[in-house]
Structure formats: structure tokens, C-alpha cells
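**Student:** Input structure: query18.csv, which contains CSV, C-alpha atoms.
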```csv
chain,number,residue,atom,x,y,z
A,206,MET,CA,-75.9,37.5,-234.3
A,207,SER,CA,-75.4,38.4,-238.0
A,208,PHE,CA,-73.3,41.2,-239.4
A,209,LEU,CA,-73.8,43.0,-242.7
A,210,ALA,CA,-70.8,43.0,-245.1
A,211,LEU,CA,-70.7,45.4,-248.0
A,212,VAL,CA,-69.0,44.6,-251.3
A,213,ILE,CA,-68.5,47.9,-253.2
A,214,PRO,CA,-66.7,47.9,-256.5
A,215,GLN,CA,-63.5,49.9,-256.7
A,216,ASN,CA,-64.3,51.2,-260.2
A,217,GLN,CA,-66.6,54.2,-259.6
A,218,SER,CA,-66.5,55.4,-263.3
A,219,THR,CA,-69.8,53.7,-264.0
A,220,ARG,CA,-73.0,53.4,-262.0
A,221,THR,CA,-73.1,50.1,-260.4
A,222,SER,CA,-74.9,48.2,-257.7
A,223,ILE,CA,-73.9,47.4,-254.1
A,224,LYS,CA,-73.9,43.9,-252.8
A,225,ALA,CA,-74.5,43.2,-249.1
A,226,THR,CA,-74.1,39.8,-247.5
A,227,TRP,CA,-75.3,38.9,-244.0
A,228,LEU,CA,-72.4,37.0,-242.4
A,229,GLY,CA,-74.5,34.1,-241.2
A,230,GLY,CA,-75.3,32.2,-244.3
A,231,GLU,CA,-77.9,34.3,-246.0
A,232,ASP,CA,-77.7,34.9,-249.7
A,233,PRO,CA,-76.3,38.3,-250.9
A,234,ILE,CA,-78.8,41.1,-251.5
A,235,GLU,CA,-78.2,43.6,-254.3
A,236,PHE,CA,-79.0,47.3,-253.8
A,237,SER,CA,-79.0,50.0,-256.4
A,238,SER,CA,-77.8,52.7,-254.0
A,239,VAL,CA,-76.7,53.4,-250.5
A,240,PHE,CA,-80.1,55.0,-249.8
A,241,GLN,CA,-81.9,51.8,-250.8
A,242,LEU,CA,-79.5,49.9,-248.5
A,243,ARG,CA,-80.3,52.3,-245.6
A,244,ASN,CA,-84.0,52.1,-246.2
A,245,TYR,CA,-83.8,48.3,-246.2
A,246,ASN,CA,-81.9,48.3,-243.0
A,247,MET,CA,-84.4,50.6,-241.3
A,248,SER,CA,-87.4,48.7,-242.5
A,249,ASN,CA,-86.0,45.4,-241.2
A,250,SER,CA,-85.1,46.8,-237.8
A,251,GLN,CA,-88.6,48.0,-236.9
A,252,ASP,CA,-89.1,45.1,-234.5
A,253,SER,CA,-85.9,45.9,-232.6
A,254,PRO,CA,-86.3,48.4,-229.7
A,255,THR,CA,-84.8,51.9,-230.3
A,256,PHE,CA,-83.4,54.4,-227.8
A,257,ALA,CA,-85.5,57.2,-226.5
A,258,LEU,CA,-84.5,60.8,-226.7
A,259,PRO,CA,-82.3,62.4,-224.0
A,260,PRO,CA,-82.4,62.3,-221.0
A,261,PHE,CA,-83.8,58.8,-221.3
A,262,ASP,CA,-80.7,57.4,-222.8
A,263,HIS,CA,-78.4,57.9,-219.9
A,264,VAL,CA,-75.6,55.3,-219.6
A,265,LYS,CA,-75.9,55.2,-215.8
A,266,ALA,CA,-79.6,54.5,-215.8
A,267,ASP,CA,-80.6,51.4,-213.8
A,268,VAL,CA,-83.8,50.2,-215.4
A,269,ILE,CA,-85.4,50.2,-218.9
A,270,LEU,CA,-89.1,51.0,-219.6
A,271,ARG,CA,-90.1,49.7,-223.0
A,272,SER,CA,-93.0,51.4,-224.7
A,273,SER,CA,-95.7,49.6,-226.6
A,274,ASP,CA,-94.1,50.7,-229.9
A,275,GLY,CA,-90.7,49.4,-229.0
A,276,VAL,CA,-88.8,52.4,-227.7
A,277,ASP,CA,-86.5,51.8,-224.7
A,278,PHE,CA,-86.4,54.5,-222.0
A,279,HIS,CA,-83.3,54.2,-219.8
A,280,VAL,CA,-84.4,55.7,-216.5
A,281,PHE,CA,-83.4,56.0,-212.9
A,282,ARG,CA,-85.5,54.1,-210.3
A,283,LEU,CA,-84.9,56.8,-207.7
A,284,PHE,CA,-86.7,59.5,-209.7
A,285,LEU,CA,-89.7,57.2,-210.4
A,286,SER,CA,-89.9,55.9,-206.9
A,287,LEU,CA,-90.0,59.5,-205.5
A,288,ALA,CA,-92.8,60.4,-207.8
A,289,SER,CA,-94.9,57.3,-207.5
A,290,PRO,CA,-95.7,54.8,-204.7
A,291,PHE,CA,-96.5,52.3,-207.5
A,292,PHE,CA,-92.9,52.4,-208.8
A,293,GLU,CA,-91.5,52.5,-205.3
A,294,THR,CA,-93.3,49.3,-204.4
A,295,LEU,CA,-92.3,47.7,-207.7
A,296,PHE,CA,-88.7,48.5,-207.4
A,297,ASP,CA,-88.6,47.4,-203.7
A,298,LEU,CA,-89.7,43.9,-204.7
A,299,PRO,CA,-86.9,41.3,-204.7
A,300,GLN,CA,-85.6,41.1,-208.3
A,301,PRO,CA,-85.0,37.5,-209.5
A,302,SER,CA,-81.8,36.7,-211.2
A,303,GLU,CA,-81.7,36.3,-215.0
A,304,GLU,CA,-81.2,32.6,-214.7
A,305,ALA,CA,-84.1,32.2,-212.2
A,306,ASN,CA,-86.5,34.1,-214.4
A,307,ALA,CA,-86.3,33.4,-218.1
A,308,ASP,CA,-89.3,35.5,-218.8
A,309,MET,CA,-87.5,38.8,-217.7
A,310,GLU,CA,-85.5,40.4,-220.5
A,311,ILE,CA,-82.2,41.8,-219.6
A,312,LYS,CA,-80.6,44.4,-221.9
A,313,ASP,CA,-77.2,46.0,-221.3
A,314,GLY,CA,-77.3,44.5,-217.8
A,315,LEU,CA,-80.6,46.2,-217.0
A,316,PRO,CA,-84.1,44.7,-216.5
A,317,VAL,CA,-86.6,45.6,-219.2
A,318,ILE,CA,-90.1,46.4,-218.0
A,319,PRO,CA,-92.7,46.6,-220.9
A,320,VAL,CA,-95.5,49.1,-220.5
A,321,SER,CA,-98.7,49.5,-222.4
A,322,GLU,CA,-98.2,53.3,-223.2
A,323,GLY,CA,-96.8,54.4,-226.5
A,324,SER,CA,-93.5,56.2,-226.7
A,325,LYS,CA,-95.0,59.7,-227.1
A,326,THR,CA,-97.1,59.3,-224.0
A,327,LEU,CA,-94.4,57.7,-222.0
A,328,ASP,CA,-91.9,60.4,-223.0
A,329,SER,CA,-94.2,63.2,-221.7
A,330,LEU,CA,-95.1,61.3,-218.6
A,331,LEU,CA,-91.4,60.7,-217.6
A,332,ARG,CA,-90.5,64.4,-218.3
A,333,PHE,CA,-93.1,65.4,-215.7
A,334,CYS,CA,-91.4,62.9,-213.2
A,335,TYR,CA,-87.8,64.0,-213.8
A,336,PRO,CA,-86.2,66.9,-212.0
A,337,CYS,CA,-86.4,70.2,-213.9
A,338,THR,CA,-82.6,70.3,-214.2
A,339,LEU,CA,-82.7,67.2,-216.4
A,340,ALA,CA,-86.0,67.6,-218.2
A,341,GLU,CA,-88.5,70.5,-218.4
A,342,ASP,CA,-92.2,69.8,-218.3
A,343,PRO,CA,-93.3,69.0,-221.9
A,344,VAL,CA,-95.6,71.4,-223.8
A,345,ILE,CA,-98.5,69.2,-225.0
A,346,GLU,CA,-100.9,70.9,-227.5
A,347,ASP,CA,-103.1,67.9,-228.4
A,348,PHE,CA,-106.1,67.3,-226.1
A,349,ARG,CA,-106.1,63.5,-226.6
A,350,GLU,CA,-102.4,63.2,-225.9
A,351,ILE,CA,-102.9,65.2,-222.6
A,352,ILE,CA,-105.7,62.8,-221.6
A,353,ASN,CA,-103.4,59.8,-222.4
A,354,VAL,CA,-100.7,61.2,-220.2
A,355,LEU,CA,-103.2,62.0,-217.4
A,356,ASP,CA,-104.6,58.4,-217.6
A,357,ALA,CA,-101.1,57.0,-217.4
A,358,ALA,CA,-100.3,59.2,-214.4
A,359,LYS,CA,-103.4,57.9,-212.6
A,360,LYS,CA,-102.5,54.3,-213.6
A,361,TYR,CA,-99.1,54.6,-212.0
A,362,SER,CA,-100.3,56.6,-208.9
A,363,LEU,CA,-98.4,59.7,-210.0
A,364,ASP,CA,-100.6,62.0,-207.9
A,365,ALA,CA,-98.0,64.7,-207.5
A,366,ILE,CA,-97.7,65.4,-211.2
A,367,GLN,CA,-101.4,65.3,-212.2
A,368,PRO,CA,-102.0,69.0,-211.5
A,369,ALA,CA,-99.1,69.9,-213.7
A,370,ILE,CA,-100.5,67.7,-216.5
A,371,CYS,CA,-103.9,69.2,-216.1
A,372,LYS,CA,-102.5,72.7,-216.5
A,373,SER,CA,-101.4,71.7,-220.0
A,374,LEU,CA,-105.1,71.6,-220.9
A,375,PHE,CA,-105.7,75.2,-220.0
A,376,THR,CA,-104.3,77.0,-223.0
A,377,PRO,CA,-106.5,79.1,-225.3
A,378,LYS,CA,-106.1,76.7,-228.2
A,379,ILE,CA,-107.3,73.6,-226.3
A,380,LEU,CA,-110.0,75.5,-224.3
A,381,GLU,CA,-111.6,76.9,-227.4
A,382,ALA,CA,-112.2,73.5,-228.8
A,383,ASN,CA,-112.7,71.5,-225.5
A,384,SER,CA,-114.0,73.8,-222.9
A,385,LEU,CA,-116.6,71.4,-221.4
A,386,ARG,CA,-114.2,68.5,-221.3
A,387,CYS,CA,-111.5,70.7,-219.7
A,388,PHE,CA,-114.1,71.8,-217.1
A,389,ALA,CA,-115.0,68.2,-216.2
A,390,ILE,CA,-111.3,67.3,-215.8
A,391,ALA,CA,-110.6,70.3,-213.7
A,392,CYS,CA,-113.6,69.5,-211.5
A,393,ARG,CA,-112.4,65.9,-211.0
A,394,ALA,CA,-108.9,67.2,-210.1
A,395,ARG,CA,-110.4,69.9,-207.8
A,396,MET,CA,-108.6,72.7,-209.5
A,397,GLN,CA,-110.7,75.8,-208.7
A,398,ASP,CA,-109.0,78.4,-210.9
A,399,GLU,CA,-109.0,76.1,-213.9
A,400,CYS,CA,-112.6,75.3,-213.4
A,401,VAL,CA,-113.5,79.0,-213.5
A,402,LEU,CA,-111.4,79.5,-216.6
A,403,ALA,CA,-112.9,76.6,-218.4
A,404,ALA,CA,-116.4,77.7,-217.4
A,405,ARG,CA,-115.8,81.1,-219.0
A,406,TYR,CA,-114.9,79.4,-222.3
A,407,THR,CA,-118.1,77.4,-222.2
A,408,LEU,CA,-120.0,80.7,-222.6
A,409,ARG,CA,-118.9,80.6,-226.2
A,410,GLY,CA,-121.2,77.6,-226.7
A,411,PRO,CA,-125.0,77.1,-226.2
A,412,LEU,CA,-126.6,76.8,-222.8
A,413,VAL,CA,-127.5,73.1,-223.2
A,414,PRO,CA,-124.3,71.3,-224.3
A,415,GLU,CA,-124.2,68.1,-226.3
A,416,TRP,CA,-123.0,64.9,-224.7
A,417,PHE,CA,-119.3,64.7,-224.2
A,418,GLU,CA,-117.2,61.7,-222.9
A,419,GLU,CA,-115.9,63.4,-219.8
A,420,ILE,CA,-119.3,64.3,-218.5
A,421,GLU,CA,-119.1,61.2,-216.4
A,422,LEU,CA,-116.3,62.7,-214.4
A,423,ILE,CA,-118.5,65.4,-212.8
A,424,THR,CA,-121.4,65.2,-210.5
A,425,SER,CA,-124.9,66.4,-211.3
A,426,ALA,CA,-124.4,69.3,-208.8
A,427,GLU,CA,-121.3,70.5,-210.8
A,428,LEU,CA,-123.1,70.3,-214.1
A,429,LEU,CA,-126.1,72.2,-212.6
A,430,SER,CA,-123.6,74.8,-211.3
A,431,LEU,CA,-122.2,75.2,-214.8
A,432,LEU,CA,-125.7,75.6,-216.4
A,433,THR,CA,-126.8,78.1,-213.7
A,434,TYR,CA,-123.6,80.1,-214.3
A,435,HIS,CA,-124.3,80.2,-218.0
A,436,GLN,CA,-127.9,81.3,-217.5
A,437,LYS,CA,-126.9,84.1,-215.1
A,438,CYS,CA,-124.4,85.4,-217.6
A,439,SER,CA,-127.0,85.4,-220.3
A,440,LYS,CA,-129.4,87.4,-218.1
A,441,ALA,CA,-126.8,89.9,-217.2
A,442,VAL,CA,-125.8,90.5,-220.9
A,443,VAL,CA,-129.4,90.7,-222.2
A,444,ALA,CA,-130.2,93.2,-219.4
A,445,LEU,CA,-128.0,95.7,-221.3
A,446,LYS,CA,-130.6,95.9,-224.0
A,447,ASP,CA,-133.1,97.4,-221.6
A,448,ASP,CA,-131.2,100.7,-221.6
A,449,LEU,CA,-129.1,101.0,-224.7
A,450,SER,CA,-128.5,104.7,-224.3
A,451,ARG,CA,-126.7,103.9,-221.0
A,452,ALA,CA,-124.9,100.9,-222.3
A,453,PHE,CA,-123.7,102.7,-225.4
A,454,PRO,CA,-123.5,106.4,-224.7
A,455,ASP,CA,-122.6,108.8,-227.5
A,456,VAL,CA,-123.0,106.0,-230.1
A,457,SER,CA,-125.6,106.4,-232.9
A,458,LEU,CA,-127.4,103.1,-233.5
A,459,ASP,CA,-129.2,104.3,-236.6
A,460,HIS,CA,-128.3,104.4,-240.2
A,461,ASP,CA,-128.1,108.3,-240.5
A,462,TYR,CA,-126.3,108.9,-243.8
A,463,SER,CA,-127.2,108.8,-247.5
A,464,CYS,CA,-127.0,105.3,-248.9
A,465,GLU,CA,-126.6,105.2,-252.7
A,466,GLU,CA,-127.9,101.6,-252.9
A,467,LYS,CA,-131.0,102.2,-250.8
A,468,ARG,CA,-131.7,105.6,-252.3
A,469,ARG,CA,-132.7,107.1,-249.0
A,470,THR,CA,-131.4,109.5,-246.3
A,471,THR,CA,-133.8,108.7,-243.5
A,472,PRO,CA,-132.5,106.9,-240.5
A,473,ASN,CA,-133.0,103.1,-240.7
A,474,ARG,CA,-132.0,101.1,-237.6
A,475,SER,CA,-131.8,97.7,-239.4
A,476,ASP,CA,-129.1,98.9,-241.8
A,477,GLY,CA,-126.8,100.5,-239.3
A,478,CYS,CA,-125.2,99.8,-236.0
A,479,GLY,CA,-128.6,99.2,-234.4
A,480,GLY,CA,-129.2,96.2,-236.7
A,481,PHE,CA,-125.9,94.7,-235.6
A,482,ILE,CA,-126.8,95.3,-231.9
A,483,ASP,CA,-130.3,93.7,-232.3
A,484,SER,CA,-129.1,90.5,-234.0
A,485,THR,CA,-126.1,90.2,-231.6
A,486,PHE,CA,-128.3,90.3,-228.5
A,487,VAL,CA,-130.3,87.4,-230.0
A,488,ASP,CA,-127.1,85.3,-230.2
A,489,LEU,CA,-125.9,86.5,-226.8
A,490,LEU,CA,-128.9,85.0,-225.2
A,491,ASP,CA,-127.5,81.5,-225.9
A,492,ARG,CA,-123.8,82.4,-226.1
A,493,PRO,CA,-123.1,85.2,-223.6
A,494,SER,CA,-119.5,85.7,-224.6
A,495,ALA,CA,-117.4,88.5,-226.0
A,496,GLU,CA,-116.4,86.0,-228.7
A,497,THR,CA,-120.0,86.1,-230.0
A,498,ILE,CA,-119.7,89.8,-230.6
A,499,ARG,CA,-116.3,89.4,-232.4
A,500,LYS,CA,-117.7,86.8,-234.8
A,501,ASN,CA,-120.9,88.8,-235.4
A,502,VAL,CA,-119.1,92.0,-236.2
A,503,GLU,CA,-116.9,90.4,-238.8
A,504,LYS,CA,-120.0,88.9,-240.5
A,505,ALA,CA,-121.7,92.3,-240.4
A,506,VAL,CA,-118.6,94.0,-241.9
A,507,GLN,CA,-118.4,91.3,-244.7
A,508,THR,CA,-122.1,92.0,-245.5
A,509,VAL,CA,-121.5,95.7,-245.8
A,510,GLN,CA,-118.5,95.3,-247.9
A,511,GLN,CA,-120.6,93.4,-250.5
A,512,ARG,CA,-122.9,96.4,-251.0
A,513,GLN,CA,-122.8,98.6,-254.1
A,514,CYS,CA,-122.9,101.7,-252.0
A,515,THR,CA,-119.4,103.3,-251.6
A,516,THR,CA,-120.5,105.4,-248.7
A,517,CYS,CA,-121.6,102.3,-246.7
A,518,ARG,CA,-118.4,100.5,-247.6
A,519,ARG,CA,-116.4,103.5,-246.4
A,520,LEU,CA,-118.2,104.4,-243.2
A,521,VAL,CA,-120.0,101.4,-241.8
A,522,PRO,CA,-117.1,98.9,-241.1
A,523,GLY,CA,-115.3,101.4,-238.9
A,524,ARG,CA,-118.4,102.3,-237.0
A,525,LEU,CA,-119.3,98.6,-236.5
A,526,ARG,CA,-115.8,97.7,-235.2
A,527,GLU,CA,-115.8,100.7,-232.8
A,528,LEU,CA,-119.2,99.7,-231.5
A,529,ALA,CA,-118.1,96.1,-231.2
A,530,THR,CA,-115.2,97.1,-229.0
A,531,ILE,CA,-117.6,99.0,-226.6
A,532,PHE,CA,-120.0,96.1,-226.7
A,533,THR,CA,-117.3,93.6,-225.9
A,534,ASN,CA,-116.1,95.6,-222.9
A,535,LYS,CA,-119.7,95.9,-221.6
A,536,VAL,CA,-120.3,92.2,-221.9
A,537,GLU,CA,-117.0,91.4,-220.1
A,538,GLU,CA,-117.8,94.0,-217.4
A,539,VAL,CA,-121.2,92.5,-216.5
A,540,THR,CA,-120.1,88.8,-216.7
A,541,ALA,CA,-116.8,89.1,-214.9
A,542,PRO,CA,-118.3,89.3,-211.3
A,543,ILE,CA,-120.4,86.1,-212.0
A,544,MET,CA,-118.7,82.9,-210.8
A,545,PRO,CA,-119.8,79.3,-211.0
A,546,ASN,CA,-120.8,78.0,-207.5
A,547,LEU,CA,-118.5,75.1,-207.1
A,548,LYS,CA,-118.0,73.5,-203.7
A,549,PHE,CA,-114.8,71.5,-203.5
```
Could the structure of this file be written out as C-alpha cells, please?
**Tutor:**
Amino acid sequence: MSFLALVIPQNQSTRTSIKATWLGGEDPIEFSSVFQLRNYNMSNSQDSPTFALPPFDHVKADVILRSSDGVDFHVFRLFLSLASPFFETLFDLPQPSEEANADMEIKDGLPVIPVSEGSKTLDSLLRFCYPCTLAEDPVIEDFREIINVLDAAKKYSLDAIQPAICKSLFTPKILEANSLRCFAIACRARMQDECVLAARYTLRGPLVPEWFEEIELITSAELLSLLTYHQKCSKAVVALKDDLSRAFPDVSLDHDYSCEEKRRTTPNRSDGCGGFIDSTFVDLLDRPSAETIRKNVEKAVQTVQQRQCTTCRRLVPGRLRELATIFTNKVEEVTAPIMPNLKF
């Protein structure tokens, strides 16, 4: 083992260099500053395992799990054995002595078990395994990282924590970008409520989805159920158009004021709220979601605000947003009772 000896000049009146010598025969290395010395030390210690964050640095731990990127997690066999039959069987096997098994690394008197997971994935996985008094369930906001943790849980037979990991998927941020993938994972895990939630988010997309990796996790019956659900919601929403006066009572759908730009005062449906309703119904046929209305109304408002007519810019945005609120409530009202027919 080598140690680093520093030679720092006593005269600090002038800027000088720092010499460091490895006590083991190496030649001295000259550094211009302590920061350069620190950076050198860090860059040359990357191959050495580092300690994980608490609580995986406990001095009374009885085994070390080493991640693929060289981070040592000092953990307790009991916690892992209670969570996983895989670890229970592993730790029940007779452990050879250090002399009898030269291939097994021993560090600080503890056996080191290398694993293929990176430190980020392993940290999240172990926090799900540990008691809540020692580690809270992690908040994972990246879809791919959740999948990595879920795959690791399956690999190590951590069945009890898989539902908790899956629940990390069902946040608005992740569902908005990965609704179909979340639906497939929830189906595979037989999580009824999460399946319904993910199905509702899929209404923001088209009826026929593009291929996605997790589609292989679900059966053809489950996919058909999702498509049928989407189609039923579309029909329920479009049916509102058959009786607009009932769907939108006390709301004028025509442009019924003087427009300076158009130079006319006669009602014109395409310029007012009616035009917004007509175009939005077209989009709702493929995307029967309240989110479709919210996006469309903002586009309509931006279009109006670009007009030369001050009357339009003053009156129409408020009317459009008021109508969009009513429209959104109606869409949610007719789609809420519809459920995907999933048989778990």
C-alpha cells in the first residue's frame, strides 16, 4: 500500500508549487495548487470502490453488494432475505473461508458480492427493501430508471416490492409521456386501478397507437380491450355534437358582434365559438380527452390575439376559455362511466 506525502514550502509570500511523493518508490509529482492535487487524486481513484449513501454505509452491516460502477453498499442480510427468497437462499448457502476461496473478495471482514446493476438502480432497489424507519421509498421520476429497478426486482425475486415500484410510474409527468407503456406494465402486474388510470391517459393519443416496447407484456385481449375503450369514449364524446343546444345551454356559438377586421356584423359561426367547437370535435374523434380541448382552446386564443380587430382580441379569448371549461366538463362527464373491460 502506498501513501501520499506532501512537501509544502514554508514561505507562502510567493506563489509556488506543491510536491507530492508516493511513499513506495514513485517519482515526485508537482502540482500548481491543492485543487489540482485533489482532482488528480479523484481521477486516479475511480477504479477503487466508493461507499454508498446512508443507510447503506452502516458499520454493523454484514455483507457488501458492489454495483457495476464500483459503489459498495453495506447492507444487512436479514432485510434482503425477508424481502427476497433469492437472497434468502444465497445467504443460507455455506460460505467458504477466505483461504478456501481466493476468488471471493473480502473487504473490512465482509464478503463482497458484485451485481450487474448500476449504483443508481441498486440504491433505489435497496430502499424499497429496507424498513421505512431506515429508508423511505425513493421518488423516481425517470421512466427508464423505474423500468431498470423493476427488472432488478424481478431478477432477484423481490415480488413484494414490485407493486410499490410500479406505483412510481403512475404520476402525471410519467403518464403523459408513457401512458401506453405504463398500461402494459400495470396489466402485467395485475394492478387494476393503475390500468384504468393509464388507459384514461391513452385517450390523449390516437386510437391506433404506434409500436412500443412493452406491448409484448400484454395479451391481445388486453390490447383489444384498450382499443375498444378508446373507441367507446370517442363515440360518447362525438354524440354531444348531435345536440349542441343541450350540451352547451345558454352559450352562443356564433360570432355575433362587429368585427373591425372582417367589416361585418352578421353572425358567422366559423369566426366565433362555433368554429372552435367544430374543429375540436374533429380532433376529439381520435383523441377523446379533455386535454385535447385545452390544447385547442389555447391555439384558438393565439389565433384571435393575432387579429387586427381590437374587439375580437378583447372579447373572444374570454368567451373561448369559458366555453372550453364547459366543454371539458361535458367530455369528462360522458367518458367517466366508461371503463376498460379487463379481466384479471
**Student:** In Å, how far is it from CA of Asn383 (chain A) to CA of His435 (chain A)?
**Tutor:**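 It comes out at 16.3 Å.
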**Student:** What is the CA of Leu283 (chain A) to CA of Cys334 (chain A) distance in Å?
**Tutor:**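 Taking CA of Leu283 (chain A) and CA of Cys334 (chain A), their separation equals 10.5 Å.
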**Student:** For a quick check of your reading of the model, name the residues lying within 9 Å of the coordinate (-111.2, 69.4, -205.9), counting only C-alpha atoms, and write them as a CSV table (one decimal) with C-alpha atoms, keeping the file's coordinate frame.
**Tutor:**
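File produced: result17.csv:
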```
chain,number,residue,atom,x,y,z
A,391,ALA,CA,-110.6,70.3,-213.7
A,392,CYS,CA,-113.6,69.5,-211.5
A,393,ARG,CA,-112.4,65.9,-211.0
A,394,ALA,CA,-108.9,67.2,-210.1
A,395,ARG,CA,-110.4,69.9,-207.8
A,396,MET,CA,-108.6,72.7,-209.5
A,397,GLN,CA,-110.7,75.8,-208.7
A,548,LYS,CA,-118.0,73.5,-203.7
A,549,PHE,CA,-114.8,71.5,-203.5
```
**Student:** Find the distance between CA of Ile351 (chain A) and CA of Thr424 (chain A) and write it in Å to one decimal.
**Tutor:** 22.1 Å
**Student:** Restricting the calculation to all atoms listed in the file, which member of A:Ala495, A:Leu298, A:Val344, A:Ile420 is positioned closest to Asp328 (chain A)?
**Tutor:**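 Closest to Asp328 (chain A), using all atoms listed in the file: A:Val344.
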**Student:** Tell me, as a ChimeraX atom specification, which residues lie within 9 Å of Thr433 (chain A), counting only C-alpha atoms; anything in the same chain fewer than 5 positions away does not count.
**Tutor:** /A:428,438,545-546
**Student:** Of the residues A:Thr294, A:Ser329, A:Thr530, A:Ser494, which is the one nearest to Leu258 (chain A), using only C-alpha atoms?
**Tutor:**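 The shortest atom-to-atom distance to Leu258 (chain A) comes from A:Ser329.
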**Student:** Choose the residue, out of A:Leu285, A:Val442, A:Val487, A:Leu315, that has the smallest atom-to-atom separation from Lys265 (chain A); count only C-alpha atoms.
**Tutor:** A:Leu315
**Student:** Could I see region 516-530 of chain A restored to N, CA and C atoms, set down as an mmCIF file, keeping the file's coordinate frame?
**Tutor:**
```
data_model
loop_
_atom_site.group_PDB
_atom_site.id
_atom_site.type_symbol
_atom_site.label_atom_id
_atom_site.label_comp_id
_atom_site.auth_asym_id
_atom_site.auth_seq_id
_atom_site.Cartn_x
_atom_site.Cartn_y
_atom_site.Cartn_z
ATOM 1 N N THR A 516 -120.438 104.699 -249.995
ATOM 2 C CA THR A 516 -120.500 105.400 -248.700
ATOM 3 C C THR A 516 -120.622 104.358 -247.570
ATOM 4 N N CYS A 517 -121.454 103.355 -247.754
ATOM 5 C CA CYS A 517 -121.600 102.300 -246.700
ATOM 6 C C CYS A 517 -120.268 101.560 -246.547
ATOM 7 N N ARG A 518 -119.617 101.212 -247.659
ATOM 8 C CA ARG A 518 -118.400 100.500 -247.600
ATOM 9 C C ARG A 518 -117.276 101.297 -246.888
ATOM 10 N N ARG A 519 -117.384 102.596 -247.012
ATOM 11 C CA ARG A 519 -116.400 103.500 -246.400
ATOM 12 C C ARG A 519 -116.620 103.782 -244.960
ATOM 13 N N LEU A 520 -117.870 103.943 -244.569
ATOM 14 C CA LEU A 520 -118.200 104.400 -243.200
ATOM 15 C C LEU A 520 -118.579 103.318 -242.232
ATOM 16 N N VAL A 521 -119.377 102.368 -242.691
ATOM 17 C CA VAL A 521 -120.000 101.400 -241.800
ATOM 18 C C VAL A 521 -118.995 100.482 -241.082
ATOM 19 N N PRO A 522 -118.028 99.863 -241.780
ATOM 20 C CA PRO A 522 -117.100 98.900 -241.100
ATOM 21 C C PRO A 522 -116.421 99.545 -239.888
ATOM 22 N N GLY A 523 -115.934 100.774 -240.029
ATOM 23 C CA GLY A 523 -115.300 101.400 -238.900
ATOM 24 C C GLY A 523 -116.203 101.644 -237.733
ATOM 25 N N ARG A 524 -117.438 102.070 -238.040
ATOM 26 C CA ARG A 524 -118.400 102.300 -237.000
ATOM 27 C C ARG A 524 -118.780 100.988 -236.281
ATOM 28 N N LEU A 525 -118.939 99.931 -237.061
ATOM 29 C CA LEU A 525 -119.300 98.600 -236.500
ATOM 30 C C LEU A 525 -118.184 98.121 -235.550
ATOM 31 N N ARG A 526 -116.949 98.226 -235.980
ATOM 32 C CA ARG A 526 -115.800 97.700 -235.200
ATOM 33 C C ARG A 526 -115.681 98.581 -233.889
ATOM 34 N N GLU A 527 -115.905 99.884 -234.021
ATOM 35 C CA GLU A 527 -115.800 100.700 -232.800
ATOM 36 C C GLU A 527 -116.940 100.363 -231.842
ATOM 37 N N LEU A 528 -118.128 100.128 -232.354
ATOM 38 C CA LEU A 528 -119.200 99.700 -231.500
ATOM 39 C C LEU A 528 -118.971 98.345 -230.887
ATOM 40 N N ALA A 529 -118.397 97.433 -231.667
ATOM 41 C CA ALA A 529 -118.100 96.100 -231.200
ATOM 42 C C ALA A 529 -117.139 96.116 -230.006
ATOM 43 N N THR A 530 -116.165 97.013 -230.069
ATOM 44 C CA THR A 530 -115.200 97.100 -229.000
ATOM 45 C C THR A 530 -115.914 97.579 -227.684
#
```
